[in-house]
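Below is one structure, written out as structure tokens; the observations come after it.
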Amino acid sequence: MAKIKRKYDFLFAGVGGQGTILASDILSEVGMRCGYDVKKSEVHGMSQRGGAVESHVRWGEKVYSPLIEEGKTDFLLAFEMLEAARWTRFTSVDTIAIINRHRIFPPDVNLGRARYPEENEIEGILAGTGAKVLWVEGTAKAVELGNPALGGVVLLGVLSTYLDEPADVWEKAVADLVPPKFKDLNIMAFYAGRELVQK
Amino acid sequence: MKKIMSGNEAIAYGAYLAGIKVGAGYPGTPSTEVLENFSRYPGVYAEWSPNEKVAMEVGVGVAYAGGRALVTMKHVGLNVAADPLFSVSYTGTKGALVIVNADDPSMHSSQNEQDNRHYARAAKVAMLEPADSEEAKRFVKIAVEISEKFDTPVIIRSTTRLSHSRSIVELEDEPPAAEAEPVDYERNASKYVMVPANARQRRLVVEERMKKLAEFADSTPINYIVPGGSELGIIASGVNYQYAREVFPDATFLKLGMVYPLPEKLIRDLAGRVKQVVVVEELDPFIEEQVRLLGIPVRGKDVFPNIGEFSQGRVRKCAADAGLIAEGASMPAVELPSLPVRPPMLCPGCAHRPVFYALQRLRAAVFGDIGCYTLGAAPPLASMHTCLCMGASIGIVHGVDRVRVKDRTVAVIGDSTFFHSGITPLLNLISNGGSSTVIVVDNRITAMTGHQPHPGTGRTLMGKEVPEVSIESLARAIGFKKVDVINPYDFKVVLNTIREHIQSGEPSLIVSQYPCVLNTREKKPAPVVDQEVCNECGNCLRIGCSPITKSDRGIMIDPALCNGCGFCASICSRGAIQVWTAEGGGEN
């Protein structure tokens, strides 16, 4: 069991149906198996109908609040570009923002009533708090593997390279939490994510 | 062994461990998963009742017979179940009656933000409030013990944040599976028949019990003091305790697991240890006012707001503003540009959409109700003009029709909501000579909360096949002569039927029936827009269906999102949208 050195906050942001909840469940499981106290909080209900989805995961020796405090997240994992910008207030100079280069247009953008921000604008918004931005071709990699729904696990692979927890613990948690039918594909997606960073 | 569970999963697990064998409830965010998870444990029986009052009465019956009962609902559901609650407090319960009630501060998915701790005080029953999933599991067992020891119903109060947060739970040994032998029903009229003479006697018992429960509150280990500094003494319960622990690391705490009745000795103990007592509680000053009544100077709502959910950031900011702590909130001063929002919309392929599009075309004043179809109030359909509480639509349209308004009027109610509390106002409408039109948008399932069965589904929570209750037959049986069942995707029929019913001047009912496509997983190929024929009139954009978008290349339908219902094709005046038929060809 790993020694508990510190606490980590991970904020997941995405759109209903992107697999945000599953990915944050896997991350919680990794934390517990590595000996951390773990709490997770998410929004339910209306969000499944195409709404914005946020999920907070916290690891630590003892975690009190299930919520991450604004300006204090260690990682922002955005499954969608606009959603990365939406949760900027949780970031700071100590935040690493891992952003999937993928756009899902909200209704007002589709109807021409609002403009979807450009990539450099989103990066600029996050740079305002000093957050370091890492763009990741998560969905593109997932499509390459045959299913866009694997994008979340690709992102977990990217995240895992920033943490000390051994890859086999991650692999086991992925294997245990995804539907059995898609186990091998998800493990491939996880390692594909790790390689995206090492390149 | 440990497992990560949501608060709701942990309550269900705790109920199973505590030997509760029967559960009843009505679905409502954020409480729904309690009963769903409970129903999956071996040797238990669980049911979705038509509404919370019925669920409560089922639970009362279980407890009267000496069994242990779990009753679940969201906060507004307890309004519906309040009638039996207030009197079962008098009769007592014999077996355990544990009521799980989930409040929704910030109204993540509710119509109001009521603080149901008041119910414990008003109905004179004990209330527990866990602060994480491990406590959620443990507190059910304690609730069972309190209920049986003190002969009282016990409410476990959750909030959205507790119900939908996940944390680590210690797994325990399975409870004994032994089936209890049938027992004689205990007949005790003076205890269980609440006629005035008996009720007056039970009223005295209730007060005696409250005194004993207050003494218990001072001795139970779920209320305890966390020693700390002598400046601040914080009283908190539930998830607010977690926020406060982060904001006031040096304070002395009184952690309350039982929020009603309150432990007077422990509160005085805390007050004696510190210079200043502060209550950190969401919503109303429920604890604060009772502490003040003890004659103890206390701060609370002068520091923290009585509206909306807390977080440690919010607690920190308020505490800093009030000078309770030195450091302020660490929120970065970032100016966010206004970003496009993602409002919830009716799903692609939703059978409610044609009804609201028709009502928009008819410019009807629509008295709505609670469910997925409440999204018919959102633009661009914008065809619902009231939404008050479960089942209100039919009573309201009848009231509106008693006043002379120029508008065409109609009530719209979902099937689950109709069974919940729409039948009584329908009786009212017919038996008082009303002339309103009611549309039941019937998708054969409680869709909004994640597809729970109801009396029209033909299947129970435990998976048993049962007769489907027909809304059409029910309406005819109580005297409605004008009743039509329509397929919502047949848009001409939808439009003509609604128009004709409204103009008829007689009480009438339309059942717009099609099973929820998300539940049946019905999906057909997406239609294609013929750009040669389309003149971009924008009609299809006004049905509020997310796969339909306007781009530089014209109107497009995203095949990944589209459900293939073909409604857009049926309202395209130029016939530019081609649906794919079973024969494999395009058709306008």
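Each chain in the structure tokens gets a letter, A, B and so on, in the order shown; residues start at 1 in every chain, and ligands are counted from 1 in the order they appear.
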
For a quick test of understanding: name the residues of chain A lying within 9 Å of chain B when counting only C-alpha atoms, and present them as a PyMOL selection string. chain A and resi 15+25+28-29+32+37-52+63-72+82+85-86+88-92+105-112+114-117+125-126+128-129

I'd like the neighbourhood of range 141-147 of chain A as a PyMOL selection string, where a residue qualifies if any of its atoms comes within 12 Å (using only C-alpha atoms), though same-chain residues fewer than 2 positions away should be ignored. chain A and resi 18-19+100-102+136-139+149-155+157-158+182+184-196

Can you list, as a list in words, every protein, DNA or RNA residue that comes within 10 Å of range 432-436 of chain B when you count only C-alpha atoms, leaving out same-chain residues fewer than 5 positions away? Ile394, Gly395, Val397, His398, Gly399, Val400, Asp401, Arg402, Arg408, Thr409, Val410, Ala411, Leu426, Leu427, His501, Ile502, Gln503, Ser504, Gly505, Glu506, Pro507, Ser508 and Leu509 of chain B

Could you write out that same residue set with N, CA and C atoms as a tab-separated table (two decimals), in the first residue's frame?
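Saved result, again34.tsv, follows:
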```tsv
chain	number	residue	atom	x	y	z
B	394	ILE	N	-54.51	19.45	-13.02
B	394	ILE	CA	-55.95	19.25	-13.30
B	394	ILE	C	-56.80	20.13	-12.39
B	395	GLY	N	-56.43	20.22	-11.13
B	395	GLY	CA	-57.14	21.13	-10.24
B	395	GLY	C	-57.01	22.58	-10.71
B	397	VAL	N	-56.40	23.76	-13.83
B	397	VAL	CA	-57.14	24.10	-15.06
B	397	VAL	C	-58.63	24.26	-14.74
B	398	HIS	N	-59.12	23.45	-13.82
B	398	HIS	CA	-60.53	23.55	-13.41
B	398	HIS	C	-60.77	24.90	-12.74
B	399	GLY	N	-59.84	25.33	-11.90
B	399	GLY	CA	-59.97	26.63	-11.25
B	399	GLY	C	-59.90	27.77	-12.26
B	400	VAL	N	-58.95	27.67	-13.19
B	400	VAL	CA	-58.82	28.71	-14.21
B	400	VAL	C	-60.10	28.80	-15.03
B	401	ASP	N	-60.67	27.63	-15.34
B	401	ASP	CA	-61.87	27.61	-16.17
B	401	ASP	C	-63.11	28.12	-15.42
B	402	ARG	N	-63.02	28.26	-14.10
B	402	ARG	CA	-64.11	28.89	-13.33
B	402	ARG	C	-64.08	30.40	-13.49
B	408	ARG	N	-57.58	29.51	-24.85
B	408	ARG	CA	-57.87	28.08	-24.81
B	408	ARG	C	-57.03	27.51	-23.67
B	409	THR	N	-57.65	26.67	-22.86
B	409	THR	CA	-56.92	26.14	-21.70
B	409	THR	C	-56.87	24.62	-21.74
B	410	VAL	N	-55.80	24.08	-21.18
B	410	VAL	CA	-55.65	22.62	-21.14
B	410	VAL	C	-54.69	22.25	-20.01
B	411	ALA	N	-54.93	21.11	-19.39
B	411	ALA	CA	-53.98	20.57	-18.41
B	411	ALA	C	-53.13	19.51	-19.08
B	426	LEU	N	-59.19	14.70	-11.12
B	426	LEU	CA	-60.00	14.31	-12.28
B	426	LEU	C	-61.43	14.00	-11.83
B	427	LEU	N	-61.55	13.33	-10.67
B	427	LEU	CA	-62.86	13.08	-10.06
B	427	LEU	C	-63.56	14.40	-9.74
B	501	HIS	N	-61.09	18.81	-28.85
B	501	HIS	CA	-61.41	18.62	-27.43
B	501	HIS	C	-61.59	19.97	-26.73
B	502	ILE	N	-60.66	20.88	-27.00
B	502	ILE	CA	-60.73	22.18	-26.31
B	502	ILE	C	-62.02	22.91	-26.70
B	503	GLN	N	-62.39	22.78	-27.99
B	503	GLN	CA	-63.58	23.51	-28.47
B	503	GLN	C	-64.89	22.84	-28.07
B	504	SER	N	-64.81	21.59	-27.58
B	504	SER	CA	-66.04	20.82	-27.37
B	504	SER	C	-66.89	21.35	-26.21
B	505	GLY	N	-66.27	22.02	-25.27
B	505	GLY	CA	-67.04	22.55	-24.14
B	505	GLY	C	-67.48	21.50	-23.15
B	506	GLU	N	-66.98	20.30	-23.27
B	506	GLU	CA	-67.32	19.26	-22.29
B	506	GLU	C	-66.05	18.74	-21.64
B	507	PRO	N	-66.19	18.13	-20.44
B	507	PRO	CA	-65.00	17.57	-19.80
B	507	PRO	C	-64.43	16.47	-20.69
B	508	SER	N	-63.13	16.53	-20.93
B	508	SER	CA	-62.57	15.57	-21.87
B	508	SER	C	-61.14	15.19	-21.49
B	509	LEU	N	-60.73	14.04	-22.00
B	509	LEU	CA	-59.40	13.54	-21.68
B	509	LEU	C	-58.76	12.96	-22.94
```

Can you list, as a PDB file with N, CA and C atoms, in the first residue's frame, all residues belonging to range 21-165 of chain A that DSSP tags as helix (DSSP H, G or I)?
```pdb
ATOM      1  N   ILE A  21     -18.861  10.160 -15.485  1.00  0.00           N
ATOM      2  CA  ILE A  21     -19.144   9.536 -14.192  1.00  0.00           C
ATOM      3  C   ILE A  21     -18.344   8.239 -14.047  1.00  0.00           C
ATOM      4  N   LEU A  22     -18.312   7.424 -15.105  1.00  0.00           N
ATOM      5  CA  LEU A  22     -17.569   6.158 -15.054  1.00  0.00           C
ATOM      6  C   LEU A  22     -16.089   6.436 -14.812  1.00  0.00           C
ATOM      7  N   ALA A  23     -15.535   7.400 -15.534  1.00  0.00           N
ATOM      8  CA  ALA A  23     -14.101   7.703 -15.383  1.00  0.00           C
ATOM      9  C   ALA A  23     -13.791   8.159 -13.958  1.00  0.00           C
ATOM     10  N   SER A  24     -14.697   8.970 -13.381  1.00  0.00           N
ATOM     11  CA  SER A  24     -14.431   9.445 -12.022  1.00  0.00           C
ATOM     12  C   SER A  24     -14.628   8.320 -11.002  1.00  0.00           C
ATOM     13  N   ASP A  25     -15.503   7.371 -11.304  1.00  0.00           N
ATOM     14  CA  ASP A  25     -15.636   6.186 -10.442  1.00  0.00           C
ATOM     15  C   ASP A  25     -14.347   5.371 -10.449  1.00  0.00           C
ATOM     16  N   ILE A  26     -13.760   5.213 -11.636  1.00  0.00           N
ATOM     17  CA  ILE A  26     -12.502   4.445 -11.740  1.00  0.00           C
ATOM     18  C   ILE A  26     -11.401   5.137 -10.936  1.00  0.00           C
ATOM     19  N   LEU A  27     -11.327   6.466 -11.074  1.00  0.00           N
ATOM     20  CA  LEU A  27     -10.295   7.210 -10.344  1.00  0.00           C
ATOM     21  C   LEU A  27     -10.488   7.077  -8.831  1.00  0.00           C
ATOM     22  N   SER A  28     -11.745   7.092  -8.374  1.00  0.00           N
ATOM     23  CA  SER A  28     -12.024   6.917  -6.940  1.00  0.00           C
ATOM     24  C   SER A  28     -11.540   5.546  -6.478  1.00  0.00           C
ATOM     25  N   GLU A  29     -11.811   4.542  -7.292  1.00  0.00           N
ATOM     26  CA  GLU A  29     -11.431   3.171  -6.948  1.00  0.00           C
ATOM     27  C   GLU A  29      -9.907   3.039  -6.849  1.00  0.00           C
ATOM     28  N   VAL A  30      -9.196   3.666  -7.793  1.00  0.00           N
ATOM     29  CA  VAL A  30      -7.724   3.646  -7.759  1.00  0.00           C
ATOM     30  C   VAL A  30      -7.244   4.241  -6.435  1.00  0.00           C
ATOM     31  N   GLY A  31      -7.838   5.374  -6.054  1.00  0.00           N
ATOM     32  CA  GLY A  31      -7.440   6.035  -4.811  1.00  0.00           C
ATOM     33  C   GLY A  31      -7.639   5.122  -3.615  1.00  0.00           C
ATOM     34  N   MET A  32      -8.822   4.494  -3.533  1.00  0.00           N
ATOM     35  CA  MET A  32      -9.108   3.623  -2.384  1.00  0.00           C
ATOM     36  C   MET A  32      -8.127   2.449  -2.344  1.00  0.00           C
ATOM     37  N   ARG A  33      -7.864   1.864  -3.508  1.00  0.00           N
ATOM     38  CA  ARG A  33      -6.971   0.695  -3.548  1.00  0.00           C
ATOM     39  C   ARG A  33      -5.529   1.077  -3.220  1.00  0.00           C
ATOM     40  N   GLY A  45     -29.618  13.596 -12.284  1.00  0.00           N
ATOM     41  CA  GLY A  45     -30.930  14.161 -12.600  1.00  0.00           C
ATOM     42  C   GLY A  45     -30.980  14.811 -13.960  1.00  0.00           C
ATOM     43  N   MET A  46     -31.125  16.122 -13.960  1.00  0.00           N
ATOM     44  CA  MET A  46     -31.331  16.846 -15.209  1.00  0.00           C
ATOM     45  C   MET A  46     -30.137  16.685 -16.156  1.00  0.00           C
ATOM     46  N   SER A  47     -28.954  16.424 -15.592  1.00  0.00           N
ATOM     47  CA  SER A  47     -27.732  16.443 -16.398  1.00  0.00           C
ATOM     48  C   SER A  47     -27.712  15.375 -17.482  1.00  0.00           C
ATOM     49  N   GLN A  48     -28.473  14.294 -17.271  1.00  0.00           N
ATOM     50  CA  GLN A  48     -28.394  13.236 -18.272  1.00  0.00           C
ATOM     51  C   GLN A  48     -29.012  13.665 -19.595  1.00  0.00           C
ATOM     52  N   MET A  81     -14.215  20.814 -24.657  1.00  0.00           N
ATOM     53  CA  MET A  81     -13.437  22.055 -24.563  1.00  0.00           C
ATOM     54  C   MET A  81     -14.166  23.189 -23.845  1.00  0.00           C
ATOM     55  N   LEU A  82     -15.434  23.399 -24.218  1.00  0.00           N
ATOM     56  CA  LEU A  82     -16.199  24.478 -23.581  1.00  0.00           C
ATOM     57  C   LEU A  82     -16.346  24.222 -22.081  1.00  0.00           C
ATOM     58  N   GLU A  83     -16.512  22.946 -21.724  1.00  0.00           N
ATOM     59  CA  GLU A  83     -16.686  22.604 -20.307  1.00  0.00           C
ATOM     60  C   GLU A  83     -15.406  22.876 -19.512  1.00  0.00           C
ATOM     61  N   ALA A  84     -14.251  22.817 -20.185  1.00  0.00           N
ATOM     62  CA  ALA A  84     -12.991  23.167 -19.516  1.00  0.00           C
ATOM     63  C   ALA A  84     -13.060  24.611 -19.044  1.00  0.00           C
ATOM     64  N   ALA A  85     -13.520  25.475 -19.937  1.00  0.00           N
ATOM     65  CA  ALA A  85     -13.590  26.903 -19.596  1.00  0.00           C
ATOM     66  C   ALA A  85     -14.617  27.149 -18.500  1.00  0.00           C
ATOM     67  N   ARG A  86     -15.719  26.385 -18.531  1.00  0.00           N
ATOM     68  CA  ARG A  86     -16.817  26.632 -17.596  1.00  0.00           C
ATOM     69  C   ARG A  86     -16.380  26.461 -16.133  1.00  0.00           C
ATOM     70  N   THR A  88     -13.352  27.042 -14.873  1.00  0.00           N
ATOM     71  CA  THR A  88     -12.102  27.771 -14.619  1.00  0.00           C
ATOM     72  C   THR A  88     -11.963  28.213 -13.166  1.00  0.00           C
ATOM     73  N   ARG A  89     -13.070  28.597 -12.527  1.00  0.00           N
ATOM     74  CA  ARG A  89     -12.961  29.143 -11.178  1.00  0.00           C
ATOM     75  C   ARG A  89     -12.410  28.151 -10.154  1.00  0.00           C
ATOM     76  N   PHE A  90     -12.337  26.891 -10.522  1.00  0.00           N
ATOM     77  CA  PHE A  90     -11.749  25.900  -9.605  1.00  0.00           C
ATOM     78  C   PHE A  90     -10.237  25.796  -9.781  1.00  0.00           C
ATOM     79  N   PRO A 107     -27.160  23.961 -27.576  1.00  0.00           N
ATOM     80  CA  PRO A 107     -28.285  24.341 -28.449  1.00  0.00           C
ATOM     81  C   PRO A 107     -28.175  25.760 -29.008  1.00  0.00           C
ATOM     82  N   ASP A 108     -27.778  26.709 -28.177  1.00  0.00           N
ATOM     83  CA  ASP A 108     -27.729  28.090 -28.657  1.00  0.00           C
ATOM     84  C   ASP A 108     -26.674  28.290 -29.743  1.00  0.00           C
ATOM     85  N   VAL A 109     -25.625  27.489 -29.702  1.00  0.00           N
ATOM     86  CA  VAL A 109     -24.613  27.556 -30.761  1.00  0.00           C
ATOM     87  C   VAL A 109     -25.194  26.954 -32.037  1.00  0.00           C
ATOM     88  N   ASN A 110     -25.880  25.819 -31.882  1.00  0.00           N
ATOM     89  CA  ASN A 110     -26.517  25.169 -33.033  1.00  0.00           C
ATOM     90  C   ASN A 110     -27.512  26.082 -33.724  1.00  0.00           C
ATOM     91  N   GLU A 119     -10.254  27.745 -29.625  1.00  0.00           N
ATOM     92  CA  GLU A 119      -9.328  27.008 -28.762  1.00  0.00           C
ATOM     93  C   GLU A 119      -8.412  27.943 -27.975  1.00  0.00           C
ATOM     94  N   ASN A 120      -7.889  28.979 -28.684  1.00  0.00           N
ATOM     95  CA  ASN A 120      -6.958  29.870 -27.974  1.00  0.00           C
ATOM     96  C   ASN A 120      -7.678  30.724 -26.931  1.00  0.00           C
ATOM     97  N   GLU A 121      -8.958  30.993 -27.141  1.00  0.00           N
ATOM     98  CA  GLU A 121      -9.727  31.721 -26.117  1.00  0.00           C
ATOM     99  C   GLU A 121      -9.872  30.874 -24.857  1.00  0.00           C
ATOM    100  N   ILE A 122     -10.191  29.579 -25.057  1.00  0.00           N
ATOM    101  CA  ILE A 122     -10.358  28.673 -23.911  1.00  0.00           C
ATOM    102  C   ILE A 122      -9.044  28.578 -23.136  1.00  0.00           C
ATOM    103  N   GLU A 123      -7.934  28.452 -23.883  1.00  0.00           N
ATOM    104  CA  GLU A 123      -6.635  28.386 -23.234  1.00  0.00           C
ATOM    105  C   GLU A 123      -6.355  29.695 -22.490  1.00  0.00           C
ATOM    106  N   GLY A 124      -6.763  30.822 -23.114  1.00  0.00           N
ATOM    107  CA  GLY A 124      -6.553  32.130 -22.499  1.00  0.00           C
ATOM    108  C   GLY A 124      -7.344  32.292 -21.206  1.00  0.00           C
ATOM    109  N   ILE A 125      -8.586  31.789 -21.214  1.00  0.00           N
ATOM    110  CA  ILE A 125      -9.430  31.882 -20.009  1.00  0.00           C
ATOM    111  C   ILE A 125      -8.757  31.131 -18.853  1.00  0.00           C
ATOM    112  N   LEU A 126      -8.280  29.922 -19.147  1.00  0.00           N
ATOM    113  CA  LEU A 126      -7.635  29.123 -18.104  1.00  0.00           C
ATOM    114  C   LEU A 126      -6.284  29.710 -17.696  1.00  0.00           C
ATOM    115  N   ALA A 127      -5.593  30.307 -18.662  1.00  0.00           N
ATOM    116  CA  ALA A 127      -4.294  30.925 -18.352  1.00  0.00           C
ATOM    117  C   ALA A 127      -4.474  32.079 -17.369  1.00  0.00           C
ATOM    118  N   GLY A 138      -8.024  12.937 -27.034  1.00  0.00           N
ATOM    119  CA  GLY A 138      -8.628  11.777 -26.375  1.00  0.00           C
ATOM    120  C   GLY A 138      -9.696  11.126 -27.234  1.00  0.00           C
ATOM    121  N   THR A 139     -10.625  11.933 -27.729  1.00  0.00           N
ATOM    122  CA  THR A 139     -11.709  11.375 -28.545  1.00  0.00           C
ATOM    123  C   THR A 139     -11.158  10.815 -29.846  1.00  0.00           C
ATOM    124  N   ALA A 140     -10.194  11.532 -30.451  1.00  0.00           N
ATOM    125  CA  ALA A 140      -9.605  11.055 -31.710  1.00  0.00           C
ATOM    126  C   ALA A 140      -8.952   9.683 -31.497  1.00  0.00           C
ATOM    127  N   LYS A 141      -8.238   9.569 -30.373  1.00  0.00           N
ATOM    128  CA  LYS A 141      -7.596   8.289 -30.068  1.00  0.00           C
ATOM    129  C   LYS A 141      -8.651   7.207 -29.844  1.00  0.00           C
ATOM    130  N   ALA A 142      -9.735   7.578 -29.154  1.00  0.00           N
ATOM    131  CA  ALA A 142     -10.809   6.612 -28.869  1.00  0.00           C
ATOM    132  C   ALA A 142     -11.471   6.150 -30.160  1.00  0.00           C
ATOM    133  N   VAL A 143     -11.689   7.088 -31.079  1.00  0.00           N
ATOM    134  CA  VAL A 143     -12.295   6.737 -32.370  1.00  0.00           C
ATOM    135  C   VAL A 143     -11.362   5.784 -33.123  1.00  0.00           C
ATOM    136  N   GLU A 144     -10.060   6.076 -33.031  1.00  0.00           N
ATOM    137  CA  GLU A 144      -9.054   5.218 -33.653  1.00  0.00           C
ATOM    138  C   GLU A 144      -9.158   3.791 -33.106  1.00  0.00           C
ATOM    139  N   LEU A 145      -9.455   3.698 -31.800  1.00  0.00           N
ATOM    140  CA  LEU A 145      -9.587   2.375 -31.174  1.00  0.00           C
ATOM    141  C   LEU A 145     -10.957   1.751 -31.458  1.00  0.00           C
ATOM    142  N   PRO A 148     -15.846   6.109 -29.632  1.00  0.00           N
ATOM    143  CA  PRO A 148     -15.606   7.418 -28.991  1.00  0.00           C
ATOM    144  C   PRO A 148     -15.844   7.388 -27.482  1.00  0.00           C
ATOM    145  N   ALA A 149     -16.641   6.415 -27.003  1.00  0.00           N
ATOM    146  CA  ALA A 149     -16.933   6.340 -25.564  1.00  0.00           C
ATOM    147  C   ALA A 149     -15.704   5.966 -24.740  1.00  0.00           C
ATOM    148  N   LEU A 150     -14.614   5.536 -25.415  1.00  0.00           N
ATOM    149  CA  LEU A 150     -13.383   5.180 -24.689  1.00  0.00           C
ATOM    150  C   LEU A 150     -12.571   6.418 -24.307  1.00  0.00           C
ATOM    151  N   GLY A 151     -12.998   7.588 -24.764  1.00  0.00           N
ATOM    152  CA  GLY A 151     -12.247   8.825 -24.546  1.00  0.00           C
ATOM    153  C   GLY A 151     -11.934   9.081 -23.080  1.00  0.00           C
ATOM    154  N   GLY A 152     -12.888   8.789 -22.203  1.00  0.00           N
ATOM    155  CA  GLY A 152     -12.699   9.045 -20.777  1.00  0.00           C
ATOM    156  C   GLY A 152     -11.540   8.241 -20.210  1.00  0.00           C
ATOM    157  N   VAL A 153     -11.441   6.988 -20.618  1.00  0.00           N
ATOM    158  CA  VAL A 153     -10.376   6.132 -20.106  1.00  0.00           C
ATOM    159  C   VAL A 153      -9.029   6.542 -20.720  1.00  0.00           C
ATOM    160  N   VAL A 154      -9.055   7.019 -21.960  1.00  0.00           N
ATOM    161  CA  VAL A 154      -7.829   7.580 -22.559  1.00  0.00           C
ATOM    162  C   VAL A 154      -7.337   8.728 -21.673  1.00  0.00           C
ATOM    163  N   LEU A 155      -8.246   9.585 -21.255  1.00  0.00           N
ATOM    164  CA  LEU A 155      -7.875  10.716 -20.404  1.00  0.00           C
ATOM    165  C   LEU A 155      -7.324  10.257 -19.051  1.00  0.00           C
ATOM    166  N   LEU A 156      -7.899   9.180 -18.512  1.00  0.00           N
ATOM    167  CA  LEU A 156      -7.363   8.626 -17.264  1.00  0.00           C
ATOM    168  C   LEU A 156      -5.928   8.158 -17.466  1.00  0.00           C
ATOM    169  N   GLY A 157      -5.649   7.591 -18.643  1.00  0.00           N
ATOM    170  CA  GLY A 157      -4.279   7.174 -18.965  1.00  0.00           C
ATOM    171  C   GLY A 157      -3.341   8.358 -18.941  1.00  0.00           C
ATOM    172  N   VAL A 158      -3.768   9.463 -19.519  1.00  0.00           N
ATOM    173  CA  VAL A 158      -2.961  10.687 -19.502  1.00  0.00           C
ATOM    174  C   VAL A 158      -2.732  11.128 -18.054  1.00  0.00           C
ATOM    175  N   LEU A 159      -3.810  11.173 -17.283  1.00  0.00           N
ATOM    176  CA  LEU A 159      -3.714  11.625 -15.883  1.00  0.00           C
ATOM    177  C   LEU A 159      -2.742  10.747 -15.093  1.00  0.00           C
ATOM    178  N   SER A 160      -2.793   9.439 -15.354  1.00  0.00           N
ATOM    179  CA  SER A 160      -1.996   8.494 -14.547  1.00  0.00           C
ATOM    180  C   SER A 160      -0.504   8.797 -14.635  1.00  0.00           C
TER     181      SER A 160
END
```

Could you pull the residues within 8 Å of range 48-53 of chain B, counting only C-alpha atoms, minus those fewer than 3 positions along the same chain, as number ranges by chain? B: 24-27, 56-57, 72-73, 77-78, 80-84, 416, 419-421, 452-455, 460-461

What parts of range 3-190 of chain A does DSSP call strand (DSSP E or B)? I'd like the answer as a PyMOL selection string. chain A and resi 8-15+37-42+52-60+75-78+96-100+132-136

Quick one: residues within 6 Å of Val274 in chain B, only C-alpha atoms, excluding same-chain residues fewer than 2 positions away - as JSON, numbers by chain? {"B": [230, 231, 232, 233, 271, 272, 276]}

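As for CA of Ala377 in chain B and CA of Ala392 in chain B, they are spaced 15.6 Å apart.
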